[in-house]
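Everything below belongs to query_12.cif, which stores mmCIF, C-alpha atoms and all ligand atoms.
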```
data_structure
loop_
_atom_site.group_PDB
_atom_site.id
_atom_site.type_symbol
_atom_site.label_atom_id
_atom_site.label_comp_id
_atom_site.auth_asym_id
_atom_site.auth_seq_id
_atom_site.Cartn_x
_atom_site.Cartn_y
_atom_site.Cartn_z
ATOM 1 C CA MET V 25 2.992 -94.753 -8.865
ATOM 2 C CA ILE V 26 0.393 -97.303 -7.694
ATOM 3 C CA LYS V 27 -3.019 -95.750 -7.457
ATOM 4 C CA LYS V 28 -6.090 -97.142 -5.700
ATOM 5 C CA LYS V 29 -9.206 -96.752 -7.803
ATOM 6 C CA LEU V 30 -11.956 -95.030 -5.865
ATOM 7 C CA ASN V 31 -15.625 -95.499 -6.678
ATOM 8 C CA ILE V 32 -18.529 -93.091 -6.379
ATOM 9 C CA SER V 33 -19.480 -94.297 -2.905
ATOM 10 C CA ASP V 34 -15.866 -93.978 -1.661
ATOM 11 C CA ILE V 35 -16.013 -90.367 -2.818
ATOM 12 C CA LYS V 36 -19.433 -89.604 -1.358
ATOM 13 C CA ASN V 37 -18.528 -91.179 1.985
ATOM 14 C CA LYS V 38 -15.159 -89.422 2.009
ATOM 15 C CA LYS V 39 -13.233 -92.692 2.080
ATOM 16 C CA PHE V 40 -9.992 -91.211 0.804
ATOM 17 C CA LYS V 41 -6.937 -89.991 2.660
ATOM 18 C CA ASN V 42 -5.334 -87.518 0.289
ATOM 19 C CA PRO V 43 -6.903 -84.541 -1.504
ATOM 20 C CA LEU V 44 -9.011 -85.684 -4.475
ATOM 21 C CA ILE V 45 -7.073 -85.084 -7.665
ATOM 22 C CA VAL V 46 -9.341 -84.005 -10.497
ATOM 23 C CA LEU V 47 -8.283 -82.789 -13.948
ATOM 24 C CA THR V 48 -10.047 -82.340 -17.266
ATOM 25 C CA ALA V 49 -9.476 -84.438 -20.389
ATOM 26 C CA TYR V 50 -11.231 -84.514 -23.737
ATOM 27 C CA THR V 51 -8.941 -86.814 -25.707
ATOM 28 C CA ALA V 52 -7.689 -90.394 -25.437
ATOM 29 C CA PRO V 53 -3.906 -89.733 -25.175
ATOM 30 C CA LEU V 54 -4.273 -87.223 -22.331
ATOM 31 C CA ALA V 55 -6.799 -89.455 -20.556
ATOM 32 C CA GLU V 56 -4.273 -92.291 -20.630
ATOM 33 C CA ILE V 57 -1.735 -90.127 -18.763
ATOM 34 C CA LEU V 58 -4.249 -88.741 -16.268
ATOM 35 C CA ASP V 59 -5.520 -92.253 -15.522
ATOM 36 C CA LYS V 60 -2.251 -92.893 -13.668
ATOM 37 C CA TYR V 61 -2.587 -89.934 -11.331
ATOM 38 C CA CYS V 62 -6.171 -88.690 -10.969
ATOM 39 C CA ASP V 63 -9.068 -89.834 -8.808
ATOM 40 C CA ILE V 64 -11.581 -88.238 -11.167
ATOM 41 C CA ILE V 65 -11.246 -87.189 -14.809
ATOM 42 C CA LEU V 66 -13.731 -84.529 -15.837
ATOM 43 C CA VAL V 67 -14.820 -84.318 -19.439
ATOM 44 C CA GLY V 68 -15.734 -80.673 -18.970
ATOM 45 C CA ASP V 69 -17.690 -78.498 -21.356
ATOM 46 C CA SER V 70 -14.595 -76.260 -21.263
ATOM 47 C CA VAL V 71 -13.797 -78.477 -24.277
ATOM 48 C CA GLY V 72 -15.714 -75.875 -26.295
ATOM 49 C CA MET V 73 -13.106 -73.200 -25.593
ATOM 50 C CA VAL V 74 -10.023 -75.391 -25.265
ATOM 51 C CA LEU V 75 -10.422 -77.575 -28.355
ATOM 52 C CA HIS V 76 -13.121 -76.008 -30.508
ATOM 53 C CA GLY V 77 -12.119 -72.342 -30.317
ATOM 54 C CA MET V 78 -15.469 -71.241 -28.874
ATOM 55 C CA LYS V 79 -15.785 -68.060 -26.779
ATOM 56 C CA ASN V 80 -17.756 -69.780 -24.015
ATOM 57 C CA THR V 81 -19.653 -72.994 -23.321
ATOM 58 C CA SER V 82 -22.982 -71.873 -24.789
ATOM 59 C CA ASN V 83 -22.624 -73.755 -28.095
ATOM 60 C CA VAL V 84 -21.319 -77.003 -26.664
ATOM 61 C CA THR V 85 -23.700 -79.833 -27.588
ATOM 62 C CA LEU V 86 -24.607 -83.180 -26.095
ATOM 63 C CA ASP V 87 -23.095 -84.944 -29.119
ATOM 64 C CA MET V 88 -19.770 -83.146 -28.624
ATOM 65 C CA MET V 89 -19.679 -84.185 -24.971
ATOM 66 C CA ILE V 90 -20.501 -87.791 -25.863
ATOM 67 C CA MET V 91 -17.834 -87.916 -28.568
ATOM 68 C CA HIS V 92 -15.102 -86.593 -26.236
ATOM 69 C CA ALA V 93 -16.264 -88.732 -23.297
ATOM 70 C CA LYS V 94 -16.071 -91.875 -25.455
ATOM 71 C CA ALA V 95 -12.504 -90.981 -26.441
ATOM 72 C CA VAL V 96 -11.547 -90.428 -22.793
ATOM 73 C CA LYS V 97 -13.229 -93.617 -21.588
ATOM 74 C CA SER V 98 -11.442 -95.660 -24.239
ATOM 75 C CA ARG V 99 -8.129 -95.229 -22.364
ATOM 76 C CA VAL V 100 -9.236 -94.987 -18.723
ATOM 77 C CA LYS V 101 -9.120 -98.043 -16.465
ATOM 78 C CA ASN V 102 -8.618 -96.794 -12.922
ATOM 79 C CA THR V 103 -10.310 -93.444 -12.652
ATOM 80 C CA ILE V 104 -13.861 -92.195 -12.235
ATOM 81 C CA VAL V 105 -14.966 -90.340 -15.372
ATOM 82 C CA VAL V 106 -17.508 -87.523 -14.962
ATOM 83 C CA VAL V 107 -19.102 -85.854 -17.991
ATOM 84 C CA ASP V 108 -20.516 -82.318 -18.039
ATOM 85 C CA MET V 109 -24.113 -81.997 -19.192
ATOM 86 C CA PRO V 110 -23.962 -79.011 -21.550
ATOM 87 C CA ILE V 111 -26.207 -75.963 -21.325
ATOM 88 C CA ASN V 112 -29.879 -76.453 -22.369
ATOM 89 C CA THR V 113 -29.771 -80.215 -21.878
ATOM 90 C CA TYR V 114 -31.042 -80.411 -18.294
ATOM 91 C CA GLU V 115 -32.041 -77.104 -16.672
ATOM 92 C CA ASN V 116 -35.626 -76.537 -17.691
ATOM 93 C CA ASN V 117 -37.154 -79.884 -18.433
ATOM 94 C CA GLN V 118 -36.866 -82.885 -16.136
ATOM 95 C CA SER V 119 -37.759 -85.592 -18.635
ATOM 96 C CA LYS V 120 -35.275 -84.128 -21.137
ATOM 97 C CA ALA V 121 -32.656 -84.043 -18.356
ATOM 98 C CA LEU V 122 -33.248 -87.706 -17.576
ATOM 99 C CA SER V 123 -33.165 -88.898 -21.177
ATOM 100 C CA ASN V 124 -30.012 -86.838 -21.892
ATOM 101 C CA ALA V 125 -28.251 -88.054 -18.747
ATOM 102 C CA LYS V 126 -29.174 -91.662 -19.600
ATOM 103 C CA LYS V 127 -27.870 -91.154 -23.139
ATOM 104 C CA ILE V 128 -24.533 -89.875 -21.812
ATOM 105 C CA MET V 129 -24.222 -92.777 -19.355
ATOM 106 C CA ARG V 130 -25.270 -95.422 -21.913
ATOM 107 C CA GLU V 131 -23.201 -94.208 -24.850
ATOM 108 C CA THR V 132 -20.027 -93.262 -22.992
ATOM 109 C CA ASN V 133 -20.055 -95.771 -20.129
ATOM 110 C CA CYS V 134 -18.903 -92.952 -17.834
ATOM 111 C CA ASP V 135 -19.498 -92.968 -14.071
ATOM 112 C CA ALA V 136 -21.417 -89.751 -13.436
ATOM 113 C CA VAL V 137 -22.623 -86.470 -14.895
ATOM 114 C CA LYS V 138 -21.985 -82.917 -13.685
ATOM 115 C CA VAL V 139 -24.534 -80.101 -13.739
ATOM 116 C CA GLU V 140 -24.255 -76.408 -12.847
ATOM 117 C CA GLY V 141 -26.500 -74.674 -10.328
ATOM 118 C CA GLY V 142 -27.984 -75.180 -6.884
ATOM 119 C CA LEU V 143 -31.476 -74.576 -5.597
ATOM 120 C CA LYS V 144 -32.787 -73.785 -9.112
ATOM 121 C CA ILE V 145 -31.999 -77.314 -10.310
ATOM 122 C CA TYR V 146 -32.720 -79.081 -7.006
ATOM 123 C CA LYS V 147 -35.709 -81.066 -8.380
ATOM 124 C CA THR V 148 -33.810 -82.132 -11.489
ATOM 125 C CA VAL V 149 -30.805 -83.317 -9.517
ATOM 126 C CA GLU V 150 -33.021 -85.182 -7.040
ATOM 127 C CA MET V 151 -34.838 -86.887 -9.925
ATOM 128 C CA LEU V 152 -31.566 -87.914 -11.643
ATOM 129 C CA VAL V 153 -30.200 -89.355 -8.402
ATOM 130 C CA LYS V 154 -33.474 -91.262 -7.784
ATOM 131 C CA ASN V 155 -32.991 -92.724 -11.260
ATOM 132 C CA LYS V 156 -29.556 -93.995 -10.210
ATOM 133 C CA ILE V 157 -27.552 -91.434 -12.136
ATOM 134 C CA PRO V 158 -24.639 -90.260 -9.978
ATOM 135 C CA VAL V 159 -24.455 -86.473 -10.100
ATOM 136 C CA MET V 160 -21.630 -84.057 -9.292
ATOM 137 C CA GLY V 161 -22.812 -80.513 -8.525
ATOM 138 C CA HIS V 162 -21.146 -77.221 -9.437
ATOM 139 C CA ILE V 163 -21.728 -73.969 -7.536
ATOM 140 C CA GLY V 164 -20.171 -70.505 -7.257
ATOM 141 C CA LEU V 165 -19.072 -69.214 -10.643
ATOM 142 C CA LEU V 166 -21.188 -71.067 -13.200
ATOM 143 C CA PRO V 167 -19.539 -70.842 -16.638
ATOM 144 C CA GLN V 168 -22.803 -71.813 -18.388
ATOM 145 C CA SER V 169 -24.504 -68.739 -16.894
ATOM 146 C CA VAL V 170 -21.786 -66.205 -17.710
ATOM 147 C CA LYS V 171 -23.170 -63.391 -19.863
ATOM 148 C CA LYS V 172 -20.493 -60.710 -19.568
ATOM 149 C CA GLU V 173 -16.815 -60.379 -18.600
ATOM 150 C CA SER V 174 -17.644 -59.163 -15.064
ATOM 151 C CA ASP V 175 -19.507 -62.440 -14.357
ATOM 152 C CA TYR V 176 -16.048 -64.055 -14.130
ATOM 153 C CA ARG V 177 -15.314 -62.163 -10.878
ATOM 154 C CA ALA V 178 -14.970 -64.153 -7.630
ATOM 155 C CA LYS V 179 -18.350 -64.889 -6.038
ATOM 156 C CA GLY V 180 -19.528 -64.381 -2.475
ATOM 157 C CA ARG V 181 -18.373 -60.823 -1.941
ATOM 158 C CA ASP V 182 -21.867 -59.490 -1.318
ATOM 159 C CA LEU V 183 -24.073 -60.914 1.400
ATOM 160 C CA GLU V 184 -26.964 -61.979 -0.806
ATOM 161 C CA ASN V 185 -24.686 -63.863 -3.185
ATOM 162 C CA TYR V 186 -22.773 -65.357 -0.218
ATOM 163 C CA ASN V 187 -25.965 -66.690 1.351
ATOM 164 C CA ASN V 188 -27.311 -67.946 -1.995
ATOM 165 C CA ILE V 189 -24.187 -70.013 -2.598
ATOM 166 C CA ILE V 190 -24.455 -71.581 0.863
ATOM 167 C CA ARG V 191 -28.111 -72.319 0.134
ATOM 168 C CA ASP V 192 -27.084 -73.924 -3.191
ATOM 169 C CA ALA V 193 -24.502 -76.147 -1.490
ATOM 170 C CA ILE V 194 -27.060 -77.377 1.050
ATOM 171 C CA ALA V 195 -29.703 -77.921 -1.661
ATOM 172 C CA LEU V 196 -27.337 -80.055 -3.740
ATOM 173 C CA GLN V 197 -26.356 -82.124 -0.724
ATOM 174 C CA GLU V 198 -30.046 -82.737 0.029
ATOM 175 C CA ALA V 199 -30.732 -83.595 -3.608
ATOM 176 C CA GLY V 200 -28.118 -86.366 -3.345
ATOM 177 C CA VAL V 201 -25.042 -85.268 -5.319
ATOM 178 C CA PHE V 202 -21.923 -87.328 -4.509
ATOM 179 C CA SER V 203 -19.638 -84.271 -4.574
ATOM 180 C CA VAL V 204 -19.691 -80.631 -5.526
ATOM 181 C CA VAL V 205 -17.327 -78.365 -7.447
ATOM 182 C CA ILE V 206 -16.980 -74.910 -5.870
ATOM 183 C CA GLU V 207 -15.666 -72.482 -8.479
ATOM 184 C CA CYS V 208 -14.106 -69.057 -7.937
ATOM 185 C CA VAL V 209 -15.597 -67.994 -4.597
ATOM 186 C CA ILE V 210 -13.912 -66.097 -1.781
ATOM 187 C CA LYS V 211 -11.981 -68.406 0.531
ATOM 188 C CA GLU V 212 -14.048 -67.509 3.581
ATOM 189 C CA LEU V 213 -17.214 -68.723 1.840
ATOM 190 C CA ALA V 214 -15.628 -71.959 0.599
ATOM 191 C CA ASP V 215 -14.324 -72.635 4.116
ATOM 192 C CA LYS V 216 -17.796 -72.094 5.557
ATOM 193 C CA ILE V 217 -19.371 -74.484 3.015
ATOM 194 C CA ASN V 218 -16.664 -77.017 3.866
ATOM 195 C CA ARG V 219 -17.713 -76.828 7.508
ATOM 196 C CA ILE V 220 -21.433 -77.048 6.777
ATOM 197 C CA ILE V 221 -21.804 -79.852 4.227
ATOM 198 C CA ASN V 222 -20.720 -83.479 4.548
ATOM 199 C CA ILE V 223 -20.202 -84.406 0.908
ATOM 200 C CA PRO V 224 -16.757 -83.760 -0.578
ATOM 201 C CA THR V 225 -16.063 -80.422 -2.182
ATOM 202 C CA ILE V 226 -13.740 -79.954 -5.131
ATOM 203 C CA GLY V 227 -12.308 -76.481 -5.333
ATOM 204 C CA ILE V 228 -11.307 -74.484 -8.385
ATOM 205 C CA GLY V 229 -10.228 -71.049 -7.251
ATOM 206 C CA ALA V 230 -11.959 -71.670 -3.920
ATOM 207 C CA SER V 231 -9.928 -72.781 -0.904
ATOM 208 C CA ASP V 232 -7.232 -75.155 0.279
ATOM 209 C CA THR V 233 -9.759 -76.598 2.740
ATOM 210 C CA CYS V 234 -11.732 -78.266 -0.081
ATOM 211 C CA ASP V 235 -11.542 -82.065 -0.183
ATOM 212 C CA GLY V 236 -10.102 -81.961 -3.685
ATOM 213 C CA GLN V 237 -8.919 -79.591 -6.393
ATOM 214 C CA VAL V 238 -9.785 -79.437 -10.077
ATOM 215 C CA LEU V 239 -8.199 -77.431 -12.883
ATOM 216 C CA VAL V 240 -8.468 -77.395 -16.648
ATOM 217 C CA THR V 241 -5.415 -79.385 -17.778
ATOM 218 C CA ALA V 242 -4.791 -77.145 -20.790
ATOM 219 C CA ASP V 243 -4.515 -74.190 -18.384
ATOM 220 C CA ILE V 244 -1.802 -75.745 -16.231
ATOM 221 C CA LEU V 245 0.173 -76.831 -19.293
ATOM 222 C CA GLY V 246 0.226 -73.373 -20.867
ATOM 223 C CA ILE V 247 -1.959 -74.254 -23.833
ATOM 224 C CA THR V 248 -4.625 -71.669 -22.974
ATOM 225 C CA LYS V 249 -3.711 -68.059 -23.790
ATOM 226 C CA LYS V 250 -5.257 -66.282 -20.797
ATOM 227 C CA VAL V 251 -5.811 -68.038 -17.464
ATOM 228 C CA PRO V 252 -7.500 -66.924 -14.229
ATOM 229 C CA LYS V 253 -5.458 -66.138 -11.103
ATOM 230 C CA PHE V 254 -6.429 -69.439 -9.518
ATOM 231 C CA VAL V 255 -4.464 -71.458 -12.105
ATOM 232 C CA LYS V 256 -0.870 -72.531 -11.512
ATOM 233 C CA VAL V 257 0.851 -72.763 -14.900
ATOM 234 C CA TYR V 258 3.549 -75.463 -15.074
ATOM 235 C CA ASP V 259 4.702 -75.143 -18.668
ATOM 236 C CA GLN V 260 4.377 -73.100 -21.855
ATOM 237 C CA LEU V 261 3.348 -75.944 -24.101
ATOM 238 C CA ASN V 262 2.006 -73.642 -26.791
ATOM 239 C CA THR V 263 5.398 -71.977 -27.181
ATOM 240 C CA ARG V 264 7.155 -75.337 -27.172
ATOM 241 C CA ILE V 265 4.782 -76.714 -29.813
ATOM 242 C CA GLU V 266 5.368 -73.654 -31.978
ATOM 243 C CA ASN V 267 9.154 -73.979 -31.619
ATOM 244 C CA ASN V 268 8.992 -77.585 -32.780
ATOM 245 C CA ILE V 269 6.744 -76.714 -35.720
ATOM 246 C CA LYS V 270 9.286 -74.043 -36.709
ATOM 247 C CA LYS V 271 12.095 -76.648 -36.603
ATOM 248 C CA TYR V 272 10.068 -78.994 -38.802
ATOM 249 C CA VAL V 273 9.322 -76.258 -41.323
ATOM 250 C CA ARG V 274 13.008 -75.308 -41.409
ATOM 251 C CA ASP V 275 14.000 -78.956 -42.015
ATOM 252 C CA LEU V 276 11.592 -79.131 -44.958
ATOM 253 C CA LYS V 277 12.866 -75.902 -46.439
ATOM 254 C CA LEU V 278 16.501 -76.989 -46.026
ATOM 255 C CA LYS V 279 15.622 -80.402 -47.485
ATOM 256 C CA LYS V 280 16.778 -82.065 -44.249
ATOM 257 C CA PHE V 281 13.504 -83.961 -44.092
ATOM 258 C CA PRO V 282 12.579 -86.517 -45.255
ATOM 259 C CA SER V 283 15.942 -88.253 -45.205
ATOM 260 C CA LYS V 284 16.779 -91.869 -45.971
ATOM 261 C CA ASN V 285 15.660 -92.817 -42.419
ATOM 262 C CA ASN V 286 12.168 -91.662 -43.226
ATOM 263 C CA TYR V 287 11.357 -93.596 -46.396
ATOM 264 C CA TYR V 288 11.281 -97.207 -47.546
HETATM 265 O O1 LIG V 301 -15.887 -77.499 -17.890
HETATM 266 C C1 LIG V 301 -14.980 -77.628 -17.044
HETATM 267 O O2 LIG V 301 -13.820 -77.895 -17.360
HETATM 268 C C2 LIG V 301 -15.360 -77.447 -15.642
HETATM 269 C C3 LIG V 301 -14.242 -77.266 -14.660
HETATM 270 C C4 LIG V 301 -13.689 -75.912 -14.829
HETATM 271 C C5 LIG V 301 -14.677 -77.526 -13.274
HETATM 272 O O3 LIG V 301 -16.499 -77.406 -15.326
#
```

Just dump the structure as structure tokens.
Ligand code: KIV
Amino acid sequence: MIKKKLNISDIKNKKFKNPLIVLTAYTAPLAEILDKYCDIILVGDSVGMVLHGMKNTSNVTLDMMIMHAKAVKSRVKNTIVVVDMPINTYENNQSKALSNAKKIMRETNCDAVKVEGGLKIYKTVEMLVKNKIPVMGHIGLLPQSVKKESDYRAKGRDLENYNNIIRDAIALQEAGVFSVVIECVIKELADKINRIINIPTIGIGASDTCDGQVLVTADILGITKKVPKFVKVYDQLNTRIENNIKKYVRDLKLKKFPSKNNYY
């Protein structure tokens, strides 16, 4: 498959014909595969749960994000790479946000950062964009703000929340983000945002009217144990890995491995 590499301004100006294909990667081998098919690879802070066994994203650090983003970038040639700014690295202090965003950009050579929130982080986003840091927004369900299980429910069901999310989308557009992830909101709300704002939206459990779709790659491959309704699972990789480990263990026990093909 021949893929045209988009750049940040192609995305912002909606110069693409097909839905934007966005998936997460945290490692070099997966990034190399995704590079053939994706428009954007997201080094998401979901890495905390997927690779580090954490319960949520609250203990993901800047150094972790930089380490995984470097690994991803080492194998990506034709795809925009966006790196999540982890919790407590940008929300409450603008100069800290700028120095952390610059550190991510400098050390990983990625193309943009992603931050969670809308109106509350308007000034920070505006300041990052003025300092030539491309920013992707993230509204709706904000994993960094989840405190309890019920916070994972779809957003926009009550009027106040519905209006706040619209307000967040408009604020991020005004602050200059080049695109915005809309996570786990009712379809009617996502559709309304898609009519109101001009920058591309990337849905995750939002709506088919979004300009692109993003999912956590481990979720679609069946590596994650429990996935939300909005995920389509294409494989049961965990089971297949376990089956192969069992075969290897059996070979060792039966002295079938190593054989003369495996030593010198
Ligand atoms: O961290 C992540 O993987 C994300 C996606 C779920 C959008 O933010």

One decimal place gives the atom CA of Leu196 of chain V-atom CA of Lys97 of chain V separation as 26.5 Å

Neighbours of ligand LIG 301 (chain V) within 7 Å, counting only C-alpha atoms and all ligand atoms, as a PyMOL selection string?
-> chain V and resi 48+66-71+108+205+228+238-240

Identify all residues satisfying the PyMOL selection byres (((chain V and resi 136-148) around 8) and not hetatm) in the given file; provide them as JSON, numbers by chain.
-> {"V": [105, 106, 107, 108, 109, 110, 114, 115, 118, 121, 125, 128, 129, 134, 135, 149, 150, 151, 152, 157, 158, 159, 160, 161, 162, 163, 166, 168, 189, 191, 192, 193, 195, 196, 199]}

Gly180 of chain V surroundings by all atoms listed in the file, 10 Å radius, close-in-sequence under 5 positions cut, as a ChimeraX atom specification = /V:164-165,185-190,208-214

Could you expand the PyMOL selection byres (((chain V and resi 46) around 6) and not hetatm) into the explicit residues it covers here, written as a ChimeraX atom specification?
-> /V:45,47,62,64-65,238

Identify, on the basis of only C-alpha atoms, every residue whose closest approach to Lys256 of chain V does not exceed 12 Å; exclude the query and any residue fewer than 2 positions from it along the same chain; express the result as JSON, numbers by chain.
-> {"V": [228, 229, 237, 238, 239, 240, 241, 242, 243, 244, 245, 246, 251, 252, 253, 254, 258, 259, 260]}

Within 9 Å of Ser169 of chain V, counting all atoms listed in the file, which residues qualify if same-chain residues fewer than 5 places away don't, as a tab-separated table (two decimals) with C-alpha atoms, in the coordinates of the input?
```
chain	number	residue	atom	x	y	z
V	82	SER	CA	-22.98	-71.87	-24.79
V	111	ILE	CA	-26.21	-75.96	-21.32
V	140	GLU	CA	-24.26	-76.41	-12.85
V	175	ASP	CA	-19.51	-62.44	-14.36
```

Name every residue that the PyMOL selection byres (((chain V and resi 53-60) around 9) and not hetatm) selects in this structure, writing the answer as a ChimeraX atom specification with chains first and numbers rising.
-> /V:25-27,47-52,61-65,95-104

Kindly export the residues of the current selection with C-alpha atoms, as an mmCIF file, in the frame of the given file.
```cif
data_model
loop_
_atom_site.group_PDB
_atom_site.id
_atom_site.type_symbol
_atom_site.label_atom_id
_atom_site.label_comp_id
_atom_site.auth_asym_id
_atom_site.auth_seq_id
_atom_site.Cartn_x
_atom_site.Cartn_y
_atom_site.Cartn_z
ATOM 1 C CA MET V 25 2.992 -94.753 -8.865
ATOM 2 C CA ILE V 26 0.393 -97.303 -7.694
ATOM 3 C CA LYS V 27 -3.019 -95.750 -7.457
ATOM 4 C CA LEU V 47 -8.283 -82.789 -13.948
ATOM 5 C CA THR V 48 -10.047 -82.340 -17.266
ATOM 6 C CA ALA V 49 -9.476 -84.438 -20.389
ATOM 7 C CA TYR V 50 -11.231 -84.514 -23.737
ATOM 8 C CA THR V 51 -8.941 -86.814 -25.707
ATOM 9 C CA ALA V 52 -7.689 -90.394 -25.437
ATOM 10 C CA TYR V 61 -2.587 -89.934 -11.331
ATOM 11 C CA CYS V 62 -6.171 -88.690 -10.969
ATOM 12 C CA ASP V 63 -9.068 -89.834 -8.808
ATOM 13 C CA ILE V 64 -11.581 -88.238 -11.167
ATOM 14 C CA ILE V 65 -11.246 -87.189 -14.809
ATOM 15 C CA ALA V 95 -12.504 -90.981 -26.441
ATOM 16 C CA VAL V 96 -11.547 -90.428 -22.793
ATOM 17 C CA LYS V 97 -13.229 -93.617 -21.588
ATOM 18 C CA SER V 98 -11.442 -95.660 -24.239
ATOM 19 C CA ARG V 99 -8.129 -95.229 -22.364
ATOM 20 C CA VAL V 100 -9.236 -94.987 -18.723
ATOM 21 C CA LYS V 101 -9.120 -98.043 -16.465
ATOM 22 C CA ASN V 102 -8.618 -96.794 -12.922
ATOM 23 C CA THR V 103 -10.310 -93.444 -12.652
ATOM 24 C CA ILE V 104 -13.861 -92.195 -12.235
#
```

Give me, please, the distance in Å between atom CA of Ser119 of chain V and atom CA of Asp34 of chain V, quoted to one decimal.
->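 Separation of atom CA of Ser119 of chain V and atom CA of Asp34 of chain V: 28.9 Å.
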
Enter the distance from atom CA of Val204 of chain V to atom CA of Leu44 of chain V, in Å, rounded to one decimal.
->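 These two atoms are separated by 11.9 Å.
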
Shell of 6 Å around Ser203 of chain V, all atoms listed in the file, local chain residues under 4 positions omitted, as number ranges by chain = V: 160, 223-225

Restricting to only C-alpha atoms, whichever of V:Lys270, V:Lys171, V:Lys120, V:His92 is closest to Thr132 of chain V is V:His92

Smallest atom-to-atom distance to Met73 of chain V: which of V:Lys126, V:Lys271, V:Lys41, V:Lys249, using only C-alpha atoms?
->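 Closest to Met73 of chain V, using only C-alpha atoms: V:Lys249.
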
Would you mind telling me which residue in V:Phe202, V:Asp215, V:Phe281, V:Ile269 lies nearest to Asn37 of chain V when using all atoms listed in the file?
-> V:Phe202

Of the candidates V:Val201, V:Asn218, V:Ile206, V:Glu266, which one gets nearest to Ser33 of chain V if we count all atoms listed in the file?
-> V:Val201
